[in-house]
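Peer 1: My file is my_file-v2.pdb. It has PDB, C-alpha atoms, pLDDT in the B column:
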ATOM      1  CA  MET A1018       7.191  34.936 -31.637  1.00 74.00           C
ATOM      2  CA  ASP A1019       9.294  32.536 -33.689  1.00 94.00           C
ATOM      3  CA  LEU A1020       8.272  31.479 -37.200  1.00 95.00           C
ATOM      4  CA  SER A1021       7.028  28.032 -36.213  1.00 97.00           C
ATOM      5  CA  ALA A1022       4.689  29.455 -33.566  1.00 97.00           C
ATOM      6  CA  LYS A1023       3.514  32.196 -35.941  1.00 97.00           C
ATOM      7  CA  ILE A1024       2.626  29.691 -38.669  1.00 98.00           C
ATOM      8  CA  SER A1025       0.875  27.505 -36.080  1.00 97.00           C
ATOM      9  CA  GLN A1026      -1.159  30.506 -34.971  1.00 97.00           C
ATOM     10  CA  ASP A1027      -1.999  31.310 -38.599  1.00 98.00           C
ATOM     11  CA  LEU A1028      -3.154  27.778 -39.419  1.00 98.00           C
ATOM     12  CA  LEU A1029      -5.311  27.587 -36.305  1.00 97.00           C
ATOM     13  CA  SER A1030      -6.870  30.994 -36.915  1.00 97.00           C
ATOM     14  CA  ILE A1031      -8.243  30.015 -40.337  1.00 97.00           C
ATOM     15  CA  ARG A1032      -9.066  26.447 -39.252  1.00 96.00           C
ATOM     16  CA  ALA A1033      -6.635  24.992 -41.762  1.00 97.00           C
ATOM     17  CA  VAL A1034      -5.630  22.908 -38.739  1.00 94.00           C
ATOM     18  CA  PHE A1035      -7.996  22.204 -35.897  1.00 88.00           C
ATOM     19  CA  PHE A1036      -8.367  19.619 -33.171  1.00 94.00           C
ATOM     20  CA  ARG A1037     -11.334  17.443 -32.270  1.00 91.00           C
ATOM     21  CA  PRO A1038     -10.030  14.913 -29.713  1.00 89.00           C
ATOM     22  CA  GLU A1039     -13.501  14.071 -28.399  1.00 88.00           C
ATOM     23  CA  GLU A1040     -14.818  13.220 -31.881  1.00 91.00           C
ATOM     24  CA  PRO A1041     -11.848  11.937 -33.927  1.00 93.00           C
ATOM     25  CA  PHE A1042     -11.598  12.140 -37.677  1.00 93.00           C
ATOM     26  CA  ILE A1043     -10.996   8.910 -39.585  1.00 91.00           C
ATOM     27  CA  TRP A1044      -8.162   8.836 -42.101  1.00 83.00           C
ATOM     28  CA  ALA A1045      -8.330   6.811 -45.328  1.00 79.00           C
ATOM     29  CA  SER A1046      -6.072   4.270 -43.612  1.00 78.00           C
ATOM     30  CA  GLY A1047      -8.708   3.800 -40.907  1.00 85.00           C
ATOM     31  CA  ILE A1048      -6.620   5.504 -38.218  1.00 86.00           C
ATOM     32  CA  LYS A1049      -8.613   7.723 -35.871  1.00 91.00           C
ATOM     33  CA  SER A1050      -7.087  11.174 -35.601  1.00 93.00           C
ATOM     34  CA  PRO A1051      -7.732  14.136 -33.280  1.00 94.00           C
ATOM     35  CA  ILE A1052      -6.455  16.579 -35.886  1.00 94.00           C
ATOM     36  CA  TYR A1053      -7.748  17.831 -39.221  1.00 90.00           C
ATOM     37  CA  CYS A1054      -5.365  19.554 -41.621  1.00 93.00           C
ATOM     38  CA  ASP A1055      -6.289  21.322 -44.866  1.00 94.00           C
ATOM     39  CA  ASN A1056      -3.488  23.657 -45.852  1.00 95.00           C
ATOM     40  CA  ARG A1057      -5.300  24.520 -49.097  1.00 95.00           C
ATOM     41  CA  LEU A1058      -7.211  27.022 -46.983  1.00 97.00           C
ATOM     42  CA  THR A1059      -4.031  29.090 -46.706  1.00 97.00           C
ATOM     43  CA  LEU A1060      -4.483  30.017 -50.366  1.00 97.00           C
ATOM     44  CA  THR A1061      -7.788  31.745 -49.626  1.00 97.00           C
ATOM     45  CA  ALA A1062      -6.450  33.751 -46.666  1.00 98.00           C
ATOM     46  CA  PRO A1063      -4.060  36.364 -48.128  1.00 98.00           C
ATOM     47  CA  ALA A1064      -2.345  37.381 -44.870  1.00 98.00           C
ATOM     48  CA  VAL A1065      -1.710  33.775 -43.879  1.00 98.00           C
ATOM     49  CA  ARG A1066      -0.691  32.907 -47.432  1.00 98.00           C
ATOM     50  CA  ASN A1067       1.874  35.688 -47.308  1.00 98.00           C
ATOM     51  CA  ASP A1068       3.378  34.294 -44.097  1.00 98.00           C
ATOM     52  CA  VAL A1069       3.444  30.749 -45.467  1.00 98.00           C
ATOM     53  CA  GLU A1070       4.978  31.512 -48.858  1.00 98.00           C
ATOM     54  CA  ASN A1071       7.613  33.874 -47.467  1.00 98.00           C
ATOM     55  CA  GLY A1072       8.357  31.269 -44.804  1.00 98.00           C
ATOM     56  CA  LEU A1073       8.811  28.518 -47.376  1.00 98.00           C
ATOM     57  CA  ALA A1074      11.068  30.773 -49.431  1.00 98.00           C
ATOM     58  CA  GLU A1075      13.166  31.434 -46.344  1.00 98.00           C
ATOM     59  CA  LEU A1076      13.487  27.693 -45.687  1.00 98.00           C
ATOM     60  CA  VAL A1077      14.778  27.180 -49.224  1.00 98.00           C
ATOM     61  CA  ARG A1078      17.259  30.054 -48.901  1.00 98.00           C
ATOM     62  CA  THR A1079      18.473  28.819 -45.516  1.00 98.00           C
ATOM     63  CA  TYR A1080      18.754  25.079 -46.071  1.00 98.00           C
ATOM     64  CA  PHE A1081      19.026  24.710 -49.844  1.00 98.00           C
ATOM     65  CA  PRO A1082      20.751  27.854 -51.164  1.00 98.00           C
ATOM     66  CA  GLU A1083      21.941  25.982 -54.274  1.00 98.00           C
ATOM     67  CA  ALA A1084      18.366  25.286 -55.437  1.00 98.00           C
ATOM     68  CA  GLU A1085      17.847  25.781 -59.173  1.00 98.00           C
ATOM     69  CA  VAL A1086      14.287  24.468 -59.610  1.00 98.00           C
ATOM     70  CA  LEU A1087      11.258  24.028 -57.338  1.00 98.00           C
ATOM     71  CA  MET A1088       8.945  21.066 -57.896  1.00 98.00           C
ATOM     72  CA  GLY A1089       5.506  20.920 -56.291  1.00 97.00           C
ATOM     73  CA  THR A1090       3.741  17.732 -55.305  1.00 95.00           C
ATOM     74  CA  SER A1091       0.459  17.082 -57.074  1.00 91.00           C
ATOM     75  CA  THR A1092      -1.871  18.613 -56.294  1.00 90.00           C
ATOM     76  CA  ALA A1093      -1.483  20.320 -52.948  1.00 93.00           C
ATOM     77  CA  GLY A1094       2.079  21.524 -53.442  1.00 95.00           C
ATOM     78  CA  ILE A1095       1.650  23.022 -56.912  1.00 97.00           C
ATOM     79  CA  ALA A1096       0.331  26.453 -55.909  1.00 97.00           C
ATOM     80  CA  HIS A1097       2.906  26.820 -53.135  1.00 98.00           C
ATOM     81  CA  ALA A1098       5.765  25.888 -55.460  1.00 98.00           C
ATOM     82  CA  ALA A1099       4.515  28.422 -58.011  1.00 98.00           C
ATOM     83  CA  ILE A1100       4.246  31.271 -55.500  1.00 98.00           C
ATOM     84  CA  VAL A1101       7.588  30.512 -53.836  1.00 98.00           C
ATOM     85  CA  GLY A1102       9.199  30.189 -57.263  1.00 98.00           C
ATOM     86  CA  HIS A1103       7.845  33.630 -58.123  1.00 98.00           C
ATOM     87  CA  LEU A1104       9.157  35.132 -54.883  1.00 98.00           C
ATOM     88  CA  MET A1105      12.604  33.617 -55.438  1.00 98.00           C
ATOM     89  CA  GLY A1106      12.837  34.076 -59.178  1.00 98.00           C
ATOM     90  CA  LEU A1107      13.195  30.313 -59.676  1.00 98.00           C
ATOM     91  CA  PRO A1108      11.590  28.052 -62.273  1.00 98.00           C
ATOM     92  CA  MET A1109       9.004  25.584 -61.030  1.00 97.00           C
ATOM     93  CA  GLY A1110       7.145  22.522 -62.166  1.00 97.00           C
ATOM     94  CA  TYR A1111       5.269  19.708 -60.535  1.00 96.00           C
ATOM     95  CA  VAL A1112       5.213  15.940 -60.315  1.00 96.00           C
ATOM     96  CA  ARG A1113       2.045  13.982 -61.004  1.00 90.00           C
ATOM     97  CA  SER A1114       1.037  11.010 -58.874  1.00 78.00           C
ATOM     98  CA  GLY A1115       1.350   8.921 -62.057  1.00 61.00           C
ATOM     99  CA  ASN A1116       2.102   9.365 -65.748  1.00 56.00           C
ATOM    100  CA  LYS A1117      -0.463  11.289 -67.770  1.00 48.00           C
ATOM    101  CA  ASP A1118      -2.507   8.909 -69.916  1.00 48.00           C
ATOM    102  CA  HIS A1119      -2.451  11.091 -73.033  1.00 47.00           C
ATOM    103  CA  GLY A1120      -0.270  13.526 -74.960  1.00 41.00           C
ATOM    104  CA  ARG A1121       3.377  13.136 -73.994  1.00 50.00           C
ATOM    105  CA  GLN A1122       2.421  10.995 -70.973  1.00 55.00           C
ATOM    106  CA  ASN A1123       4.521  13.154 -68.697  1.00 74.00           C
ATOM    107  CA  ARG A1124       4.786  12.571 -64.992  1.00 88.00           C
ATOM    108  CA  ILE A1125       7.032  15.583 -64.441  1.00 93.00           C
ATOM    109  CA  GLU A1126       5.538  18.803 -65.770  1.00 93.00           C
ATOM    110  CA  GLY A1127       7.813  21.740 -66.527  1.00 93.00           C
ATOM    111  CA  ARG A1128      11.367  21.854 -67.839  1.00 93.00           C
ATOM    112  CA  LEU A1129      13.848  19.777 -65.873  1.00 95.00           C
ATOM    113  CA  GLU A1130      17.397  19.175 -67.062  1.00 94.00           C
ATOM    114  CA  PRO A1131      19.476  16.226 -65.804  1.00 95.00           C
ATOM    115  CA  GLY A1132      21.717  17.298 -62.943  1.00 97.00           C
ATOM    116  CA  GLN A1133      19.633  20.283 -61.911  1.00 97.00           C
ATOM    117  CA  LYS A1134      19.386  20.879 -58.169  1.00 98.00           C
ATOM    118  CA  VAL A1135      15.748  20.544 -57.106  1.00 98.00           C
ATOM    119  CA  VAL A1136      13.783  21.290 -53.955  1.00 98.00           C
ATOM    120  CA  VAL A1137      10.371  19.648 -53.566  1.00 98.00           C
ATOM    121  CA  VAL A1138       7.551  21.784 -52.125  1.00 98.00           C
ATOM    122  CA  GLU A1139       4.875  19.900 -50.167  1.00 97.00           C
ATOM    123  CA  ASP A1140       1.968  21.081 -48.029  1.00 95.00           C
ATOM    124  CA  LEU A1141       2.116  18.470 -45.257  1.00 94.00           C
ATOM    125  CA  ILE A1142       4.016  15.311 -44.371  1.00 94.00           C
ATOM    126  CA  SER A1143       2.604  12.445 -42.305  1.00 88.00           C
ATOM    127  CA  THR A1144       4.052   9.034 -43.138  1.00 86.00           C
ATOM    128  CA  GLY A1145       6.279  10.519 -45.856  1.00 90.00           C
ATOM    129  CA  GLY A1146       5.180   8.083 -48.556  1.00 90.00           C
ATOM    130  CA  SER A1147       3.864  10.514 -51.151  1.00 91.00           C
ATOM    131  CA  VAL A1148       6.754  12.960 -51.003  1.00 94.00           C
ATOM    132  CA  ILE A1149       9.277  10.106 -51.209  1.00 95.00           C
ATOM    133  CA  GLU A1150       7.570   8.890 -54.397  1.00 94.00           C
ATOM    134  CA  VAL A1151       7.976  12.382 -55.869  1.00 95.00           C
ATOM    135  CA  VAL A1152      11.642  12.511 -54.886  1.00 96.00           C
ATOM    136  CA  GLU A1153      12.258   9.104 -56.447  1.00 95.00           C
ATOM    137  CA  ALA A1154      10.578  10.159 -59.707  1.00 94.00           C
ATOM    138  CA  LEU A1155      12.788  13.250 -59.871  1.00 96.00           C
ATOM    139  CA  ARG A1156      15.908  11.222 -59.136  1.00 96.00           C
ATOM    140  CA  GLU A1157      14.996   8.770 -61.891  1.00 94.00           C
ATOM    141  CA  ALA A1158      14.727  11.755 -64.257  1.00 94.00           C
ATOM    142  CA  GLY A1159      18.309  12.712 -63.374  1.00 95.00           C
ATOM    143  CA  ALA A1160      17.636  15.545 -60.933  1.00 97.00           C
ATOM    144  CA  GLU A1161      19.738  16.134 -57.851  1.00 98.00           C
ATOM    145  CA  VAL A1162      17.092  16.458 -55.142  1.00 98.00           C
ATOM    146  CA  LEU A1163      18.484  18.628 -52.356  1.00 98.00           C
ATOM    147  CA  GLY A1164      15.495  18.042 -50.090  1.00 97.00           C
ATOM    148  CA  THR A1165      11.960  19.135 -49.359  1.00 98.00           C
ATOM    149  CA  VAL A1166      10.201  22.031 -47.674  1.00 98.00           C
ATOM    150  CA  SER A1167       6.679  21.784 -46.296  1.00 97.00           C
ATOM    151  CA  ILE A1168       4.160  23.791 -44.330  1.00 98.00           C
ATOM    152  CA  PHE A1169       3.409  21.191 -41.668  1.00 97.00           C
ATOM    153  CA  THR A1170       4.718  17.835 -40.516  1.00 96.00           C
ATOM    154  CA  TYR A1171       3.252  15.457 -37.991  1.00 93.00           C
ATOM    155  CA  GLY A1172       6.739  14.370 -36.899  1.00 92.00           C
ATOM    156  CA  MET A1173       5.567  10.775 -36.652  1.00 90.00           C
ATOM    157  CA  LYS A1174       8.251   8.146 -36.071  1.00 88.00           C
ATOM    158  CA  LYS A1175       7.267   6.182 -39.177  1.00 88.00           C
ATOM    159  CA  GLY A1176       7.478   9.272 -41.358  1.00 91.00           C
ATOM    160  CA  LEU A1177      10.835  10.356 -39.955  1.00 93.00           C
ATOM    161  CA  GLU A1178      12.280   6.872 -40.415  1.00 94.00           C
ATOM    162  CA  ARG A1179      11.055   6.618 -44.006  1.00 94.00           C
ATOM    163  CA  LEU A1180      12.498  10.016 -44.924  1.00 96.00           C
ATOM    164  CA  CYS A1181      15.812   9.062 -43.351  1.00 95.00           C
ATOM    165  CA  ALA A1182      15.936   5.718 -45.159  1.00 95.00           C
ATOM    166  CA  ALA A1183      15.206   7.445 -48.478  1.00 95.00           C
ATOM    167  CA  GLN A1184      17.869  10.085 -47.709  1.00 96.00           C
ATOM    168  CA  VAL A1185      15.350  12.906 -47.954  1.00 96.00           C
ATOM    169  CA  GLU A1186      16.036  16.033 -45.901  1.00 97.00           C
ATOM    170  CA  ASN A1187      12.847  17.857 -44.943  1.00 97.00           C
ATOM    171  CA  HIS A1188      12.323  21.213 -43.286  1.00 97.00           C
ATOM    172  CA  SER A1189       8.823  22.283 -42.245  1.00 97.00           C
ATOM    173  CA  LEU A1190       7.480  25.651 -41.155  1.00 98.00           C
ATOM    174  CA  THR A1191       5.800  24.062 -38.164  1.00 97.00           C
ATOM    175  CA  ASP A1192       5.049  20.668 -36.673  1.00 97.00           C
ATOM    176  CA  PHE A1193       2.501  18.793 -34.588  1.00 96.00           C
ATOM    177  CA  ASP A1194       4.182  19.463 -31.252  1.00 96.00           C
ATOM    178  CA  CYS A1195       4.396  23.207 -31.843  1.00 96.00           C
ATOM    179  CA  ILE A1196       0.827  23.543 -33.039  1.00 97.00           C
ATOM    180  CA  VAL A1197      -0.427  21.580 -30.010  1.00 96.00           C
ATOM    181  CA  ARG A1198       1.431  23.944 -27.663  1.00 96.00           C
ATOM    182  CA  VAL A1199       0.059  27.024 -29.428  1.00 97.00           C
ATOM    183  CA  ALA A1200      -3.464  25.562 -29.510  1.00 96.00           C
ATOM    184  CA  ALA A1201      -3.365  24.938 -25.738  1.00 96.00           C
ATOM    185  CA  ARG A1202      -1.928  28.371 -25.000  1.00 96.00           C
ATOM    186  CA  GLU A1203      -4.569  30.175 -27.049  1.00 95.00           C
ATOM    187  CA  GLY A1204      -7.538  28.098 -25.886  1.00 94.00           C
ATOM    188  CA  TYR A1205      -8.238  26.024 -28.980  1.00 94.00           C
ATOM    189  CA  ILE A1206      -7.822  22.876 -26.872  1.00 94.00           C
ATOM    190  CA  LYS A1207      -7.711  22.115 -23.168  1.00 93.00           C
ATOM    191  CA  THR A1208      -4.313  22.032 -21.498  1.00 93.00           C
ATOM    192  CA  GLU A1209      -5.067  18.537 -20.222  1.00 91.00           C
ATOM    193  CA  ASP A1210      -5.491  17.341 -23.822  1.00 93.00           C
ATOM    194  CA  VAL A1211      -1.842  18.017 -24.726  1.00 94.00           C
ATOM    195  CA  GLU A1212      -0.522  14.740 -23.323  1.00 92.00           C
ATOM    196  CA  ARG A1213      -3.084  12.605 -25.143  1.00 92.00           C
ATOM    197  CA  LEU A1214      -2.480  14.414 -28.423  1.00 95.00           C
ATOM    198  CA  ILE A1215       1.259  13.797 -28.158  1.00 94.00           C
ATOM    199  CA  ALA A1216       0.424  10.136 -27.446  1.00 93.00           C
ATOM    200  CA  PHE A1217      -1.423  10.040 -30.773  1.00 94.00           C
ATOM    201  CA  ARG A1218       1.602  11.480 -32.546  1.00 93.00           C
ATOM    202  CA  ASP A1219       3.881   8.920 -30.889  1.00 92.00           C
ATOM    203  CA  ASN A1220       1.742   5.961 -31.973  1.00 91.00           C
ATOM    204  CA  PRO A1221      -1.283   6.729 -34.202  1.00 90.00           C
ATOM    205  CA  SER A1222      -2.368   3.074 -34.290  1.00 88.00           C
ATOM    206  CA  ASP A1223      -2.806   2.996 -30.489  1.00 90.00           C
ATOM    207  CA  GLU A1224      -6.248   4.426 -29.787  1.00 90.00           C
ATOM    208  CA  SER A1225      -5.840   4.595 -26.015  1.00 90.00           C
ATOM    209  CA  TRP A1226      -5.415   8.381 -26.303  1.00 90.00           C
ATOM    210  CA  ILE A1227      -9.112   8.687 -27.211  1.00 88.00           C
ATOM    211  CA  GLY A1228     -10.194   7.980 -23.652  1.00 73.00           C
ATOM    212  CA  GLY A1229      -7.508  10.211 -22.218  1.00 64.00           C
ATOM    213  CA  ILE A1230      -4.143   9.346 -20.641  1.00 53.00           C
ATOM    214  CA  LYS A1231      -4.549   7.550 -17.329  1.00 48.00           C
TER
END
Would you write the structure of this file as structure tokens?

Peer 2:
Amino acid sequence: MDLSAKISQDLLSIRAVFFRPEEPFIWASGIKSPIYCDNRLTLTAPAVRNDVENGLAELVRTYFPEAEVLMGTSTAGIAHAAIVGHLMGLPMGYVRSGNKDHGRQNRIEGRLEPGQKVVVVEDLISTGGSVIEVVEALREAGAEVLGTVSIFTYGMKKGLERLCAAQVENHSLTDFDCIVRVAAREGYIKTEDVERLIAFRDNPSDESWIGGIK
């Protein structure tokens, strides 16, 4: 089993990711979604956590071997950046969603020197907006952002286009298409649901997938 399929299996097994196409979840944006994703649950499942953190470390070694610092996104990426930093012997910090309103009013926590080569650690990527904001904050601070690593990405067109436009290279342990295939193979969803789930990924604002693909 390849790494992407293994991570998909892990996430499904602890219900960090699960599908409910007949009773969609509603995102903050109002979009109806057949998938629920809470990668924080990986932290409470030691065997899965081990797979995830070693996988993220391997992504950094493979795609960003020059990395000098890891920076987690606040808040979901902080723990993963810390664990991967420990595994790799690299310093880590994190980037707040906004400047702190007291003390030194930092947005970037942890030591970061101008010119240092940074990899951002994120838990999941959908539209790409939040991770791009983190990358831009690091660039403004003088860091050379090599790219990002994440546990899961939806692979949505909007997200891919935004990452490309912002010149952000992302590598994820697994993605929506892989986890759908594994879920169908292992009985988490019906085989006939695969097509409608991919339709959601292709265009989340089109709700025709809810009634099934005709």

Peer 1: I'd like the neighbourhood of stretch 1078-1091 of chain A as a CSV table (one decimal) with C-alpha atoms, in the frame of the given file, where a residue qualifies if any of its atoms comes within 7 Å (using all atoms listed in the file), though same-chain residues fewer than 3 positions away should be ignored.

Peer 2:
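Just written: selection04.csv:
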chain,number,residue,atom,x,y,z
A,1074,ALA,CA,11.1,30.8,-49.4
A,1075,GLU,CA,13.2,31.4,-46.3
A,1094,GLY,CA,2.1,21.5,-53.4
A,1095,ILE,CA,1.6,23.0,-56.9
A,1098,ALA,CA,5.8,25.9,-55.5
A,1102,GLY,CA,9.2,30.2,-57.3
A,1107,LEU,CA,13.2,30.3,-59.7
A,1108,PRO,CA,11.6,28.1,-62.3
A,1109,MET,CA,9.0,25.6,-61.0
A,1110,GLY,CA,7.1,22.5,-62.2
A,1111,TYR,CA,5.3,19.7,-60.5
A,1112,VAL,CA,5.2,15.9,-60.3
A,1113,ARG,CA,2.0,14.0,-61.0
A,1114,SER,CA,1.0,11.0,-58.9
A,1133,GLN,CA,19.6,20.3,-61.9
A,1134,LYS,CA,19.4,20.9,-58.2
A,1135,VAL,CA,15.7,20.5,-57.1
A,1136,VAL,CA,13.8,21.3,-54.0
A,1137,VAL,CA,10.4,19.6,-53.6
A,1138,VAL,CA,7.6,21.8,-52.1
A,1139,GLU,CA,4.9,19.9,-50.2
A,1151,VAL,CA,8.0,12.4,-55.9
A,1163,LEU,CA,18.5,18.6,-52.4

Peer 1: So which one's closest to A:Leu1190, A:Val1162, A:Val1148, A:Leu1177, A:Leu1020? Using only C-alpha atoms, please.

Peer 2: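 Nearest to A:Leu1190: A:Leu1020.
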
Peer 1: What are the nearest atom pairs, with distances in Å to one decimal, for all residues of stretch 1036-1126 of chain A that come at most 12 Å from stretch 1024-1029 of chain A, using all atoms listed in the file, set out by chain and rising residue number as a Markdown table?

Peer 2:
| residue | atom | partner | partner_atom | distance |
| --- | --- | --- | --- | --- |
| A:Phe1036 | CA | A:Leu1029 | CA | 9.1 |
| A:Ile1052 | CA | A:Leu1029 | CA | 11.1 |
| A:Tyr1053 | CA | A:Leu1029 | CA | 10.5 |
| A:Cys1054 | CA | A:Leu1028 | CA | 8.8 |
| A:Asp1055 | CA | A:Leu1028 | CA | 9.0 |
| A:Asn1056 | CA | A:Leu1028 | CA | 7.6 |
| A:Arg1057 | CA | A:Leu1028 | CA | 10.4 |
| A:Leu1058 | CA | A:Leu1028 | CA | 8.6 |
| A:Thr1059 | CA | A:Leu1028 | CA | 7.5 |
| A:Leu1060 | CA | A:Leu1028 | CA | 11.3 |
| A:Thr1061 | CA | A:Leu1028 | CA | 11.9 |
| A:Ala1062 | CA | A:Asp1027 | CA | 9.5 |
| A:Pro1063 | CA | A:Asp1027 | CA | 11.0 |
| A:Ala1064 | CA | A:Asp1027 | CA | 8.7 |
| A:Val1065 | CA | A:Asp1027 | CA | 5.8 |
| A:Arg1066 | CA | A:Asp1027 | CA | 9.1 |
| A:Asn1067 | CA | A:Asp1027 | CA | 10.5 |
| A:Asp1068 | CA | A:Ile1024 | CA | 7.2 |
| A:Val1069 | CA | A:Ile1024 | CA | 6.9 |
| A:Glu1070 | CA | A:Ile1024 | CA | 10.6 |
| A:Asn1071 | CA | A:Ile1024 | CA | 10.9 |
| A:Gly1072 | CA | A:Ile1024 | CA | 8.5 |
| A:Leu1073 | CA | A:Ile1024 | CA | 10.7 |

Peer 1: May I have the residues from that selection written out with C-alpha atoms, as an mmCIF file, in the frame of the given file?

Peer 2:
data_model
loop_
_atom_site.group_PDB
_atom_site.id
_atom_site.type_symbol
_atom_site.label_atom_id
_atom_site.label_comp_id
_atom_site.auth_asym_id
_atom_site.auth_seq_id
_atom_site.Cartn_x
_atom_site.Cartn_y
_atom_site.Cartn_z
ATOM 1 C CA PHE A 1036 -8.367 19.619 -33.171
ATOM 2 C CA ILE A 1052 -6.455 16.579 -35.886
ATOM 3 C CA TYR A 1053 -7.748 17.831 -39.221
ATOM 4 C CA CYS A 1054 -5.365 19.554 -41.621
ATOM 5 C CA ASP A 1055 -6.289 21.322 -44.866
ATOM 6 C CA ASN A 1056 -3.488 23.657 -45.852
ATOM 7 C CA ARG A 1057 -5.300 24.520 -49.097
ATOM 8 C CA LEU A 1058 -7.211 27.022 -46.983
ATOM 9 C CA THR A 1059 -4.031 29.090 -46.706
ATOM 10 C CA LEU A 1060 -4.483 30.017 -50.366
ATOM 11 C CA THR A 1061 -7.788 31.745 -49.626
ATOM 12 C CA ALA A 1062 -6.450 33.751 -46.666
ATOM 13 C CA PRO A 1063 -4.060 36.364 -48.128
ATOM 14 C CA ALA A 1064 -2.345 37.381 -44.870
ATOM 15 C CA VAL A 1065 -1.710 33.775 -43.879
ATOM 16 C CA ARG A 1066 -0.691 32.907 -47.432
ATOM 17 C CA ASN A 1067 1.874 35.688 -47.308
ATOM 18 C CA ASP A 1068 3.378 34.294 -44.097
ATOM 19 C CA VAL A 1069 3.444 30.749 -45.467
ATOM 20 C CA GLU A 1070 4.978 31.512 -48.858
ATOM 21 C CA ASN A 1071 7.613 33.874 -47.467
ATOM 22 C CA GLY A 1072 8.357 31.269 -44.804
ATOM 23 C CA LEU A 1073 8.811 28.518 -47.376
#

Peer 1: Which residue gives the smallest distance to A:Gly1145 among A:Gln1184, A:Thr1191, A:Ser1050, A:Ser1030, with all atoms listed in the file counted?

Peer 2: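 Comparing A:Gln1184, A:Thr1191, A:Ser1050, A:Ser1030 against A:Gly1145, the winner is A:Gln1184.
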
Peer 1: Mind running stretch 1162-1186 of chain A against stretch 1200-1221 of chain A at 8 Å and telling me each contacting residue's nearest atom pair with the distance in Å (one decimal), counting all atoms listed in the file, chain and number ascending, as JSON lines?

Peer 2:
{"residue": "A:Tyr1171", "atom": "CA", "partner": "A:Arg1218", "partner_atom": "CA", "distance": 6.9}
{"residue": "A:Gly1172", "atom": "CA", "partner": "A:Arg1218", "partner_atom": "CA", "distance": 7.3}
{"residue": "A:Met1173", "atom": "CA", "partner": "A:Arg1218", "partner_atom": "CA", "distance": 5.8}
{"residue": "A:Lys1174", "atom": "CA", "partner": "A:Asp1219", "partner_atom": "CA", "distance": 6.8}

Peer 1: For A:Ala1158, which of A:Ala1183, A:Arg1124, A:His1188, A:Gly1176 is the closest residue, counting only C-alpha atoms?

Peer 2: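 Between A:Ala1183, A:Arg1124, A:His1188, A:Gly1176, the residue approaching A:Ala1158 most closely is A:Arg1124.
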
Peer 1: Which of these residues is nearest to A:Ser1167, using only C-alpha atoms: A:His1103, A:Arg1179, A:His1097, A:Lys1049?

Peer 2: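 Using only C-alpha atoms, A:Ser1167 sits closest to A:His1097.
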
Peer 1: Can you work out which one of A:Thr1144, A:Gly1127, A:Leu1076, A:Gly1106 has the shortest atom-to-atom distance to A:Gly1164, counting all atoms listed in the file?

Peer 2: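 Ranked by minimum distance to A:Gly1164, first place goes to A:Leu1076.
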
Peer 1: Restricting the calculation to all atoms listed in the file, which member of A:Val1199, A:Val1101, A:Val1034, A:Leu1155 is positioned closest to A:Pro1051?

Peer 2: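 The shortest atom-to-atom distance to A:Pro1051 comes from A:Val1034.
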
Peer 1: Just how far from atom CA of A:Ile1142 is atom CA of A:Ile1227, in Å to one decimal?

Peer 2: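 Atom-to-atom, atom CA of A:Ile1227 and atom CA of A:Ile1142 are spaced 22.6 Å apart.
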
Peer 1: If you measure from atom CA of A:Ile1168 to atom CA of A:Trp1226, what distance in Å do you get, rounded to one decimal?

Peer 2: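 These two atoms are separated by 25.6 Å.
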
Peer 1: Go ahead and compute the interatomic distance for atom CA of A:Glu1153 and atom CA of A:Asp1140, in Å to one decimal.

Peer 2: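 It comes out at 17.9 Å.
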
Peer 1: May I have the residues within 6 Å of A:Phe1169 as a list in words, using all atoms listed in the file and disregarding those fewer than 5 positions away in the same chain?

Peer 2: Leu1141, Ser1189, Thr1191 and Asp1192 of chain A

Peer 1: Put those residues in a file: C-alpha atoms, as a PDB file, keeping the file's coordinate frame.

Peer 2:
ATOM      1  CA  LEU A1141       2.116  18.470 -45.257  1.00 94.00           C
ATOM      2  CA  SER A1189       8.823  22.283 -42.245  1.00 97.00           C
ATOM      3  CA  THR A1191       5.800  24.062 -38.164  1.00 97.00           C
ATOM      4  CA  ASP A1192       5.049  20.668 -36.673  1.00 97.00           C
TER       5      ASP A1192
END
